[in-house]
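Novice: Below is query14.txt; it holds compact mmCIF, N, CA and C atoms.
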```txt
# COMPACT_ATOMS: atom_id res chain seq x y z
N MET A 1 -50.78 196.36 -27.51
CA MET A 1 -50.97 195.12 -28.25
C MET A 1 -51.17 193.95 -27.31
N LYS A 2 -50.34 193.90 -26.24
CA LYS A 2 -50.45 192.80 -25.29
C LYS A 2 -51.80 192.82 -24.58
N LYS A 3 -52.29 194.03 -24.27
CA LYS A 3 -53.58 194.16 -23.61
C LYS A 3 -54.71 193.73 -24.54
N GLN A 4 -54.58 194.03 -25.84
CA GLN A 4 -55.60 193.62 -26.80
C GLN A 4 -55.66 192.11 -26.92
N ILE A 5 -54.51 191.47 -26.94
CA ILE A 5 -54.49 190.00 -27.00
C ILE A 5 -55.13 189.42 -25.75
N SER A 6 -54.82 190.01 -24.59
CA SER A 6 -55.40 189.55 -23.33
C SER A 6 -56.92 189.71 -23.35
N ASN A 7 -57.39 190.82 -23.88
CA ASN A 7 -58.84 191.04 -23.97
C ASN A 7 -59.50 190.05 -24.92
N ILE A 8 -58.87 189.77 -26.03
CA ILE A 8 -59.42 188.81 -27.00
C ILE A 8 -59.48 187.42 -26.37
N VAL A 9 -58.41 187.02 -25.67
CA VAL A 9 -58.41 185.72 -25.00
C VAL A 9 -59.52 185.66 -23.96
N SER A 10 -59.70 186.71 -23.19
CA SER A 10 -60.74 186.74 -22.16
C SER A 10 -62.13 186.61 -22.77
N ILE A 11 -62.37 187.33 -23.86
CA ILE A 11 -63.68 187.24 -24.52
C ILE A 11 -63.91 185.84 -25.07
N CYS A 12 -62.89 185.24 -25.66
CA CYS A 12 -63.02 183.87 -26.18
C CYS A 12 -63.35 182.88 -25.06
N ILE A 13 -62.68 183.03 -23.93
CA ILE A 13 -62.95 182.13 -22.80
C ILE A 13 -64.38 182.28 -22.32
N ILE A 14 -64.86 183.51 -22.22
CA ILE A 14 -66.23 183.74 -21.76
C ILE A 14 -67.23 183.16 -22.75
N VAL A 15 -67.03 183.43 -24.04
CA VAL A 15 -67.96 182.92 -25.06
C VAL A 15 -67.95 181.40 -25.10
N LEU A 16 -66.77 180.80 -25.03
CA LEU A 16 -66.68 179.34 -25.08
C LEU A 16 -67.23 178.69 -23.82
N SER A 17 -67.24 179.41 -22.71
CA SER A 17 -67.73 178.80 -21.47
C SER A 17 -69.22 179.00 -21.26
N LEU A 18 -69.90 179.77 -22.10
CA LEU A 18 -71.33 179.97 -21.93
C LEU A 18 -72.14 178.67 -21.93
N PRO A 19 -71.84 177.71 -22.80
CA PRO A 19 -72.59 176.45 -22.74
C PRO A 19 -72.40 175.69 -21.43
N LEU A 20 -71.32 175.97 -20.71
CA LEU A 20 -71.06 175.27 -19.46
C LEU A 20 -72.05 175.65 -18.37
N PHE A 21 -72.68 176.83 -18.50
CA PHE A 21 -73.62 177.26 -17.48
C PHE A 21 -74.88 176.41 -17.47
N THR A 22 -75.17 175.72 -18.58
CA THR A 22 -76.34 174.85 -18.61
C THR A 22 -76.01 173.45 -18.09
N LEU A 23 -74.73 173.14 -17.95
CA LEU A 23 -74.31 171.85 -17.42
C LEU A 23 -74.15 171.94 -15.92
N GLN A 24 -74.34 170.83 -15.25
CA GLN A 24 -74.13 170.78 -13.81
C GLN A 24 -72.79 170.10 -13.54
N ALA A 25 -71.96 170.77 -12.77
CA ALA A 25 -70.63 170.22 -12.47
C ALA A 25 -70.77 168.97 -11.62
N SER A 26 -70.08 167.91 -12.03
CA SER A 26 -70.11 166.67 -11.27
C SER A 26 -68.87 166.52 -10.40
N GLU A 27 -67.84 167.32 -10.69
CA GLU A 27 -66.60 167.28 -9.91
C GLU A 27 -66.09 168.69 -9.70
N PHE A 28 -65.53 168.94 -8.54
CA PHE A 28 -64.87 170.21 -8.23
C PHE A 28 -63.61 169.87 -7.44
N SER A 29 -62.49 170.43 -7.84
CA SER A 29 -61.27 170.15 -7.08
C SER A 29 -60.41 171.40 -6.98
N ILE A 30 -59.72 171.49 -5.87
CA ILE A 30 -58.74 172.54 -5.64
C ILE A 30 -57.38 171.86 -5.61
N LYS A 31 -56.46 172.40 -6.39
CA LYS A 31 -55.14 171.78 -6.49
C LYS A 31 -54.07 172.82 -6.13
N ALA A 32 -53.08 172.38 -5.37
CA ALA A 32 -51.97 173.26 -5.00
C ALA A 32 -50.73 172.41 -4.79
N GLY A 33 -49.58 172.99 -5.09
CA GLY A 33 -48.35 172.24 -4.88
C GLY A 33 -47.13 173.12 -4.98
N TYR A 34 -46.04 172.61 -4.45
CA TYR A 34 -44.75 173.30 -4.51
C TYR A 34 -43.67 172.27 -4.75
N GLN A 35 -42.80 172.56 -5.69
CA GLN A 35 -41.62 171.74 -5.92
C GLN A 35 -40.43 172.68 -6.02
N SER A 36 -39.35 172.32 -5.35
CA SER A 36 -38.21 173.23 -5.26
C SER A 36 -37.62 173.58 -6.62
N HIS A 37 -37.65 172.67 -7.57
CA HIS A 37 -37.06 172.95 -8.88
C HIS A 37 -38.06 173.55 -9.86
N GLN A 38 -39.35 173.58 -9.52
CA GLN A 38 -40.35 174.15 -10.42
C GLN A 38 -41.02 175.39 -9.87
N GLY A 39 -41.41 175.40 -8.62
CA GLY A 39 -42.08 176.55 -8.04
C GLY A 39 -43.45 176.20 -7.50
N VAL A 40 -44.35 177.19 -7.53
CA VAL A 40 -45.67 177.08 -6.93
C VAL A 40 -46.72 176.95 -8.02
N LYS A 41 -47.75 176.15 -7.76
CA LYS A 41 -48.87 176.04 -8.67
C LYS A 41 -50.13 175.82 -7.84
N ALA A 42 -51.17 176.62 -8.09
CA ALA A 42 -52.43 176.48 -7.36
C ALA A 42 -53.59 176.86 -8.28
N GLY A 43 -54.71 176.16 -8.12
CA GLY A 43 -55.86 176.48 -8.95
C GLY A 43 -57.05 175.60 -8.68
N ILE A 44 -58.04 175.72 -9.55
CA ILE A 44 -59.28 174.95 -9.42
C ILE A 44 -59.60 174.27 -10.74
N SER A 45 -60.40 173.21 -10.64
CA SER A 45 -60.90 172.55 -11.84
C SER A 45 -62.32 172.08 -11.59
N LEU A 46 -63.08 172.03 -12.66
CA LEU A 46 -64.46 171.54 -12.62
C LEU A 46 -64.58 170.39 -13.60
N GLY A 47 -65.51 169.49 -13.34
CA GLY A 47 -65.76 168.40 -14.26
C GLY A 47 -67.23 168.37 -14.64
N PHE A 48 -67.51 168.37 -15.94
CA PHE A 48 -68.88 168.32 -16.46
C PHE A 48 -69.05 167.03 -17.25
N ASP A 49 -69.92 166.15 -16.80
CA ASP A 49 -70.14 164.88 -17.48
C ASP A 49 -70.83 165.10 -18.82
N LEU A 50 -70.30 164.46 -19.86
CA LEU A 50 -70.87 164.51 -21.20
C LEU A 50 -71.36 163.13 -21.64
N GLY A 51 -71.38 162.21 -20.74
CA GLY A 51 -71.78 160.84 -21.01
C GLY A 51 -71.16 159.94 -19.96
N ASP A 52 -71.26 158.64 -20.19
CA ASP A 52 -70.72 157.69 -19.21
C ASP A 52 -69.20 157.72 -19.14
N TYR A 53 -68.55 158.00 -20.27
CA TYR A 53 -67.10 157.90 -20.31
C TYR A 53 -66.39 159.22 -20.65
N LEU A 54 -67.15 160.26 -20.99
CA LEU A 54 -66.55 161.54 -21.36
C LEU A 54 -66.86 162.62 -20.33
N GLN A 55 -65.89 163.50 -20.13
CA GLN A 55 -66.08 164.61 -19.21
C GLN A 55 -65.30 165.82 -19.73
N LEU A 56 -65.91 167.00 -19.67
CA LEU A 56 -65.24 168.24 -20.00
C LEU A 56 -64.68 168.80 -18.71
N GLN A 57 -63.38 169.13 -18.70
CA GLN A 57 -62.72 169.55 -17.47
C GLN A 57 -61.95 170.85 -17.68
N PRO A 58 -62.61 172.02 -17.49
CA PRO A 58 -61.87 173.29 -17.54
C PRO A 58 -61.11 173.51 -16.23
N GLU A 59 -59.93 174.11 -16.33
CA GLU A 59 -59.10 174.36 -15.16
C GLU A 59 -58.50 175.76 -15.26
N VAL A 60 -58.21 176.36 -14.10
CA VAL A 60 -57.52 177.65 -14.04
C VAL A 60 -56.47 177.55 -12.94
N TYR A 61 -55.22 177.89 -13.27
CA TYR A 61 -54.12 177.80 -12.31
C TYR A 61 -53.31 179.09 -12.29
N TYR A 62 -52.80 179.40 -11.12
CA TYR A 62 -51.74 180.40 -11.00
C TYR A 62 -50.45 179.60 -10.86
N SER A 63 -49.45 179.95 -11.66
CA SER A 63 -48.20 179.21 -11.64
C SER A 63 -47.03 180.18 -11.52
N GLN A 64 -46.09 179.83 -10.68
CA GLN A 64 -44.87 180.63 -10.52
C GLN A 64 -43.69 179.67 -10.60
N ARG A 65 -42.90 179.81 -11.66
CA ARG A 65 -41.77 178.91 -11.87
C ARG A 65 -40.48 179.69 -11.80
N GLN A 66 -39.50 179.09 -11.18
CA GLN A 66 -38.18 179.70 -11.10
C GLN A 66 -37.22 178.87 -11.93
N TYR A 67 -36.36 179.55 -12.64
CA TYR A 67 -35.37 178.83 -13.42
C TYR A 67 -34.08 179.64 -13.45
N SER A 68 -33.01 178.95 -13.68
CA SER A 68 -31.72 179.62 -13.84
C SER A 68 -31.08 179.11 -15.12
N HIS A 69 -30.27 179.96 -15.71
CA HIS A 69 -29.60 179.57 -16.95
C HIS A 69 -28.23 180.23 -17.01
N THR A 70 -27.38 179.62 -17.79
CA THR A 70 -26.02 180.12 -17.99
C THR A 70 -25.86 180.55 -19.43
N VAL A 71 -25.31 181.73 -19.61
CA VAL A 71 -25.07 182.25 -20.95
C VAL A 71 -23.56 182.22 -21.19
N TYR A 72 -23.15 181.64 -22.30
CA TYR A 72 -21.74 181.57 -22.68
C TYR A 72 -21.45 182.64 -23.72
N HIS A 73 -20.41 183.42 -23.47
CA HIS A 73 -19.98 184.46 -24.40
C HIS A 73 -18.65 184.02 -25.01
N PHE A 74 -18.59 183.96 -26.32
CA PHE A 74 -17.38 183.52 -27.01
C PHE A 74 -16.68 184.73 -27.62
N ASP A 75 -15.38 184.83 -27.38
CA ASP A 75 -14.57 185.90 -27.95
C ASP A 75 -13.45 185.25 -28.75
N MET A 76 -13.49 185.40 -30.05
CA MET A 76 -12.49 184.77 -30.90
C MET A 76 -11.51 185.83 -31.41
N ASN A 77 -10.29 185.73 -30.94
CA ASN A 77 -9.23 186.60 -31.45
C ASN A 77 -8.67 185.97 -32.71
N GLY A 78 -8.45 186.79 -33.71
CA GLY A 78 -7.91 186.27 -34.95
C GLY A 78 -6.48 185.77 -34.82
N THR A 79 -5.75 186.26 -33.83
CA THR A 79 -4.34 185.88 -33.71
C THR A 79 -4.12 184.70 -32.78
N GLU A 80 -5.06 184.42 -31.91
CA GLU A 80 -4.90 183.34 -30.93
C GLU A 80 -5.53 182.06 -31.45
N PRO A 81 -4.93 180.91 -31.20
CA PRO A 81 -5.48 179.65 -31.70
C PRO A 81 -6.57 179.07 -30.80
N TYR A 82 -7.05 179.79 -29.80
CA TYR A 82 -8.07 179.26 -28.91
C TYR A 82 -9.24 180.26 -28.80
N VAL A 83 -10.32 179.77 -28.27
CA VAL A 83 -11.51 180.60 -28.06
C VAL A 83 -11.58 180.95 -26.58
N GLN A 84 -11.71 182.22 -26.29
CA GLN A 84 -11.82 182.67 -24.91
C GLN A 84 -13.30 182.77 -24.56
N THR A 85 -13.71 182.14 -23.47
CA THR A 85 -15.12 182.16 -23.10
C THR A 85 -15.31 182.79 -21.74
N THR A 86 -16.42 183.46 -21.58
CA THR A 86 -16.86 183.96 -20.27
C THR A 86 -18.30 183.52 -20.10
N THR A 87 -18.71 183.38 -18.87
CA THR A 87 -20.09 182.95 -18.61
C THR A 87 -20.76 183.94 -17.66
N SER A 88 -22.07 183.99 -17.75
CA SER A 88 -22.86 184.75 -16.79
C SER A 88 -24.09 183.91 -16.44
N GLU A 89 -24.44 183.93 -15.18
CA GLU A 89 -25.59 183.16 -14.73
C GLU A 89 -26.71 184.10 -14.34
N SER A 90 -27.94 183.64 -14.55
CA SER A 90 -29.11 184.47 -14.28
C SER A 90 -30.22 183.60 -13.72
N GLU A 91 -31.01 184.17 -12.82
CA GLU A 91 -32.19 183.49 -12.30
C GLU A 91 -33.40 184.35 -12.58
N ASP A 92 -34.48 183.73 -13.00
CA ASP A 92 -35.72 184.43 -13.30
C ASP A 92 -36.90 183.69 -12.71
N THR A 93 -37.99 184.41 -12.55
CA THR A 93 -39.25 183.82 -12.10
C THR A 93 -40.31 184.17 -13.14
N ILE A 94 -41.04 183.18 -13.58
CA ILE A 94 -42.13 183.39 -14.54
C ILE A 94 -43.45 183.16 -13.80
N ARG A 95 -44.34 184.14 -13.88
CA ARG A 95 -45.66 184.03 -13.27
C ARG A 95 -46.70 183.99 -14.38
N THR A 96 -47.56 182.97 -14.38
CA THR A 96 -48.57 182.83 -15.42
C THR A 96 -49.91 182.41 -14.84
N ILE A 97 -50.95 182.70 -15.59
CA ILE A 97 -52.27 182.10 -15.38
C ILE A 97 -52.40 181.06 -16.48
N GLU A 98 -52.62 179.81 -16.10
CA GLU A 98 -52.73 178.71 -17.05
C GLU A 98 -54.17 178.25 -17.12
N ILE A 99 -54.67 178.11 -18.35
CA ILE A 99 -56.07 177.73 -18.56
C ILE A 99 -56.15 176.55 -19.52
N PRO A 100 -56.08 175.33 -19.02
CA PRO A 100 -56.31 174.17 -19.89
C PRO A 100 -57.81 173.86 -19.96
N LEU A 101 -58.26 173.44 -21.13
CA LEU A 101 -59.64 172.98 -21.32
C LEU A 101 -59.53 171.54 -21.80
N LEU A 102 -59.73 170.61 -20.89
CA LEU A 102 -59.45 169.21 -21.17
C LEU A 102 -60.71 168.41 -21.45
N LEU A 103 -60.59 167.46 -22.33
CA LEU A 103 -61.61 166.44 -22.54
C LEU A 103 -61.06 165.17 -21.92
N LYS A 104 -61.79 164.65 -20.96
CA LYS A 104 -61.34 163.49 -20.18
C LYS A 104 -62.12 162.25 -20.64
N PHE A 105 -61.38 161.22 -21.02
CA PHE A 105 -62.01 159.97 -21.46
C PHE A 105 -61.64 158.87 -20.47
N ARG A 106 -62.65 158.29 -19.85
CA ARG A 106 -62.42 157.18 -18.93
C ARG A 106 -62.51 155.88 -19.73
N VAL A 107 -61.44 155.13 -19.76
CA VAL A 107 -61.41 153.86 -20.49
C VAL A 107 -62.29 152.86 -19.75
N PRO A 108 -63.30 152.30 -20.44
CA PRO A 108 -64.25 151.42 -19.77
C PRO A 108 -63.66 150.03 -19.48
N LEU A 109 -62.98 149.90 -18.36
CA LEU A 109 -62.44 148.63 -17.93
C LEU A 109 -63.02 148.27 -16.57
N THR A 110 -63.19 146.99 -16.34
CA THR A 110 -63.61 146.55 -15.02
C THR A 110 -62.37 146.13 -14.24
N GLY A 111 -62.45 146.24 -12.96
CA GLY A 111 -61.31 145.86 -12.14
C GLY A 111 -60.73 147.05 -11.39
N VAL A 112 -59.54 146.84 -10.88
CA VAL A 112 -58.90 147.86 -10.05
C VAL A 112 -58.30 149.00 -10.88
N ILE A 113 -57.74 148.67 -12.03
CA ILE A 113 -57.08 149.67 -12.87
C ILE A 113 -58.11 150.32 -13.78
N LYS A 114 -58.17 151.68 -13.72
CA LYS A 114 -59.12 152.44 -14.55
C LYS A 114 -58.38 153.61 -15.19
N PRO A 115 -57.79 153.38 -16.38
CA PRO A 115 -57.03 154.44 -17.03
C PRO A 115 -57.92 155.60 -17.50
N VAL A 116 -57.32 156.79 -17.55
CA VAL A 116 -58.00 158.00 -17.99
C VAL A 116 -57.10 158.70 -18.99
N LEU A 117 -57.67 159.17 -20.10
CA LEU A 117 -56.92 159.92 -21.12
C LEU A 117 -57.41 161.36 -21.14
N PHE A 118 -56.46 162.30 -21.24
CA PHE A 118 -56.78 163.72 -21.30
C PHE A 118 -56.28 164.29 -22.62
N ALA A 119 -57.05 165.22 -23.21
CA ALA A 119 -56.61 165.95 -24.40
C ALA A 119 -57.34 167.29 -24.43
N GLY A 120 -56.68 168.29 -25.00
CA GLY A 120 -57.34 169.58 -25.14
C GLY A 120 -56.37 170.73 -25.25
N PRO A 121 -56.91 171.91 -25.56
CA PRO A 121 -56.06 173.10 -25.71
C PRO A 121 -55.64 173.67 -24.36
N TYR A 122 -54.62 174.51 -24.44
CA TYR A 122 -54.01 175.07 -23.23
C TYR A 122 -53.57 176.50 -23.55
N VAL A 123 -53.93 177.44 -22.68
CA VAL A 123 -53.52 178.83 -22.84
C VAL A 123 -52.80 179.26 -21.58
N ALA A 124 -51.70 179.97 -21.73
CA ALA A 124 -50.99 180.54 -20.58
C ALA A 124 -50.83 182.03 -20.81
N ILE A 125 -51.20 182.82 -19.81
CA ILE A 125 -51.09 184.27 -19.89
C ILE A 125 -49.95 184.71 -18.97
N ASN A 126 -48.96 185.37 -19.55
CA ASN A 126 -47.79 185.81 -18.80
C ASN A 126 -48.16 187.01 -17.94
N LEU A 127 -47.84 186.95 -16.65
CA LEU A 127 -48.13 188.04 -15.73
C LEU A 127 -46.92 188.90 -15.43
N ASN A 128 -45.75 188.51 -15.94
CA ASN A 128 -44.53 189.31 -15.72
C ASN A 128 -44.62 190.61 -16.48
N GLU A 129 -44.04 191.65 -15.92
CA GLU A 129 -44.03 192.95 -16.57
C GLU A 129 -42.75 193.11 -17.37
N ARG A 130 -42.79 192.72 -18.62
CA ARG A 130 -41.63 192.86 -19.51
C ARG A 130 -42.08 193.32 -20.86
```
Just give me the structure as structure tokens.
Specialist:
Amino acid sequence: MKKQISNIVSICIIVLSLPLFTLQASEFSIKAGYQSHQGVKAGISLGFDLGDYLQLQPEVYYSQRQYSHTVYHFDMNGTEPYVQTTTSESEDTIRTIEIPLLLKFRVPLTGVIKPVLFAGPYVAINLNER
């Protein structure tokens, strides 16, 4: 089932990206970063101009995030007036391929400040074996 969903997502991405082959990319960027509390993220993005103020910006990233969590276990004895708790801590790493498809709008202002608005769908494919 998971493989079928992955195949469907892949086909959708290919079909939706076919019109992009007729456009000429006006921007190309490689992005990478590491933060101790989040993990590693690296990928590429392209920018296709759709007018003076609009741009289509597909991106693909590999992301690896580490997180830890604490689980509380409650044991309630019927005879005791208190709740006995135990805890267990766990650390996990999540590896994903992230595919945002952004529409970028450049706000037409003159001067030093030039705000940009982003909107669009986002898909993440889990690479962990679970």
Novice: Between A:Ser63, A:Asn128, A:Gln57, A:Thr110, which has the minimum distance to Ala42 of chain A (counting only C-alpha atoms)?
Specialist: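 Looking at the shortest contact to Ala42 of chain A, the residue is A:Ser63.
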Novice: So that I can check the surroundings of segment 96-106 of chain A, please list as a list in words every protein, DNA and RNA residue that reaches within 5 Å of it, counting all atoms listed in the file and ignoring chain neighbours fewer than 3 positions away.
Specialist: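 Counting only the stated atoms, we get Tyr53, Leu54, Gln55, Leu56, Gln57, Pro58, Glu59, Val60, Tyr61, Tyr62, Ser63, Pro115, Val116, Leu117, Phe118, Ala119, Gly120, Pro121, Tyr122, Val123, Ala124, Ile125, Asn126 and Leu127 of chain A.
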Novice: Counting only C-alpha atoms, figure out which residue out of A:Ser10, A:Asp49, A:Pro108, A:Arg65 gets nearest to Gly33 of chain A.
Specialist: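 Comparing A:Ser10, A:Asp49, A:Pro108, A:Arg65 against Gly33 of chain A, the winner is A:Arg65.
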Novice: Give the answer as one residue: which of A:Lys31, A:Lys41, A:Ile113, A:Ser90 has the shortest atom-to-atom distance to Gln64 of chain A, using only N, CA and C atoms?
Specialist: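 Of the candidates, the smallest distance to Gln64 of chain A is held by A:Lys41.
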Novice: What is the atom CA of Gln38 of chain A to atom CA of Tyr72 of chain A distance in Å?
Specialist: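 Going from atom CA of Gln38 of chain A over to atom CA of Tyr72 of chain A, I get 23.5 Å.
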Novice: Could you tell me how far atom C of Glu91 of chain A lies from atom C of Tyr67 of chain A, in Å and to one decimal?
Specialist: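 Value for the atom C of Glu91 of chain A-atom C of Tyr67 of chain A distance: 4.8 Å.
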Novice: Applying 8 Å and all atoms listed in the file, which residues near Phe28 of chain A remain after dropping the ones on its own chain fewer than 3 positions away? List them as a short mmCIF file (atom, residue, chain, number, x, y, z; two decimals) with N, CA and C atoms, in the frame of the given file.
Specialist:
```cif
data_model
loop_
_atom_site.label_atom_id
_atom_site.label_comp_id
_atom_site.auth_asym_id
_atom_site.auth_seq_id
_atom_site.Cartn_x
_atom_site.Cartn_y
_atom_site.Cartn_z
N ALA A 25 -71.96 170.77 -12.77
CA ALA A 25 -70.63 170.22 -12.47
C ALA A 25 -70.77 168.97 -11.62
N LYS A 31 -56.46 172.40 -6.39
CA LYS A 31 -55.14 171.78 -6.49
C LYS A 31 -54.07 172.82 -6.13
N ILE A 44 -58.04 175.72 -9.55
CA ILE A 44 -59.28 174.95 -9.42
C ILE A 44 -59.60 174.27 -10.74
N SER A 45 -60.40 173.21 -10.64
CA SER A 45 -60.90 172.55 -11.84
C SER A 45 -62.32 172.08 -11.59
N LEU A 46 -63.08 172.03 -12.66
CA LEU A 46 -64.46 171.54 -12.62
C LEU A 46 -64.58 170.39 -13.60
N GLY A 47 -65.51 169.49 -13.34
CA GLY A 47 -65.76 168.40 -14.26
C GLY A 47 -67.23 168.37 -14.64
N PHE A 48 -67.51 168.37 -15.94
CA PHE A 48 -68.88 168.32 -16.46
C PHE A 48 -69.05 167.03 -17.25
#
```
Novice: Quick one: 6 Å padding each side, axis-aligned, all listed atoms of segment 57-64 of chain A - centre and edge lengths in Å to one decimal, as JSON?
Specialist:
```
{"center_x": -53.5, "center_y": 174.9, "center_z": -14.6, "size_x": 31.7, "size_y": 23.5, "size_z": 20.2}
```
Novice: Mind giving me the straight-line distance from atom C of Gln66 of chain A to atom C of Ser29 of chain A in Å, one decimal?
Specialist: 24.9 Å
Novice: When distances are computed from only N, CA and C atoms, which of A:Gly39, A:His69, A:Tyr34, A:Val107 shows the smallest separation from Asp92 of chain A?
Specialist: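 Result for the nearest residue to Asp92 of chain A: A:His69.
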